[in-house]
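Report on the structure given below.
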Amino acid sequence: MTVHVVVRVSQLNAKLVKNVKIKSYRLKQFHWLKIEGGYIFCKLCLQSGRSNVFTSGKDTNNPKSDDFKKHERSTDHKFSIAKAISCVNTKIKTGIISIMKNVYWLIKEEMPKDKLDSLNKLLIDQGFESLNILGSNTNNLNKDSNEQSGLKLSYTSHNSVDDMIRVFADIIETDNLSKIKGSKFYSLIFDESTDTSNIQNLIIYIRFVTNGIVRTKFLAIKELDEGCTAAEIYKLLKHTLEEKDLNQNNLISLGTDGASTMVGSKTGVTTRFKLDNPLILSFHCAAH
């Protein structure tokens, strides 16, 4: 990503226009060069406000390569490069934050991640230029540094979006578990469901009280590998509580449907939990 600098230097108007003899390959070799009004300038030094021969305008009709190399090694030029990179990094950071906010919005609105590109384009069209820097190739600011050359920013790729979603999930789960562990008691609500690929899953929600407010949060979804049996559901629930490091002594109630697998008086899931703790309450979901 080349940093383009547009600088108007008033003193140029007072200079005579000269035919600077500089070969085109020099402009490619020293990409920071700028010719204006018959004089040679350093775009990066102009941008950073430095004062040297390449900011006032190098007055020569026969520039030498050594002049340019010497300037590249100068403290002024190195400072200007560092400042330009810092500016670019700030823009990249702002863009990444914007992308992450957009991804989070898509998740909350239950929209497909394929809509991210069109959402970004809409915002760019409305003036959110911070998004424009992502997903594009960048050129090196200093040809001597290979680290900056050809950097590919792919924060809008499917893999990057998946990574962001996983990070969001980890942060939200950590926050929820912290609140759950701070609650004296909690309850579980769970049900079995078969997805479109004919795989049986157990979805688990948890209810708890924090700051006097009852909260219901998604806890986990587990595949029922050994079928939808009371023994399998009981095993998965116990394993999930251990996995989340939740104190099972704080479990006070269960909410299920009315199937015998769940509430059977002999081997149902709720019956198995009552064998562990006779004080546990079980509720038949009114929607079932």
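Residue numbering restarts at 1 for every chain of the structure tokens, chains are lettered A, B, ... in their displayed order, and ligands are numbered from 1 as they appear.
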
Range 256-266 of chain A: which residues within 9 Å, counting only C-alpha atoms, same-chain residues fewer than 6 positions away excluded, as an NGL selection string?
-> :A and (188-191 or 228-231 or 233 or 272 or 282-288)

Nearby residues (only C-alpha atoms) at most 12 Å from Asp276 in chain A, same-chain spacing under 6 positions excluded, as a VMD selection string = chain A and resid 234 238 248 to 249 251 to 252 269 to 270

Mind checking DSSP for range 103-268 of chain A and telling me the helix (DSSP H, G or I) residues as a ChimeraX atom specification?
-> /A:103-108,113-125,129-131,146-148,158-181,230-243,248-250,260-263

Selection near Leu116 in chain A, 9 Å with only C-alpha atoms, sequence-local residues under 6 positions removed, as a PDB file with C-alpha atoms, in the first residue's frame:
ATOM      1  CA  ILE A  99     -14.945  -4.943  10.300  1.00  0.00           C
ATOM      2  CA  ASN A 102     -19.934  -5.388  11.199  1.00  0.00           C
ATOM      3  CA  VAL A 103     -19.341  -9.118  11.731  1.00  0.00           C
ATOM      4  CA  LEU A 106     -24.420  -9.826  11.245  1.00  0.00           C
ATOM      5  CA  THR A 156     -12.804  -9.887   5.038  1.00  0.00           C
ATOM      6  CA  VAL A 161     -14.671 -13.946   9.597  1.00  0.00           C
TER       7      VAL A 161
END

Residues near His77 in chain A, cut-off 12 Å, only C-alpha atoms, skip fewer than 4 positions along chain, as a VMD selection string = chain A and resid 32 to 33 41 to 55 68 to 73 81 to 84 141 to 142

Looking at only C-alpha atoms, which of A:Glu223, A:Glu232, A:Glu242, A:Asp170 is the one that sits closest to Asn198 in chain A?
->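 Distance minimum relative to Asn198 in chain A lands on A:Glu223.
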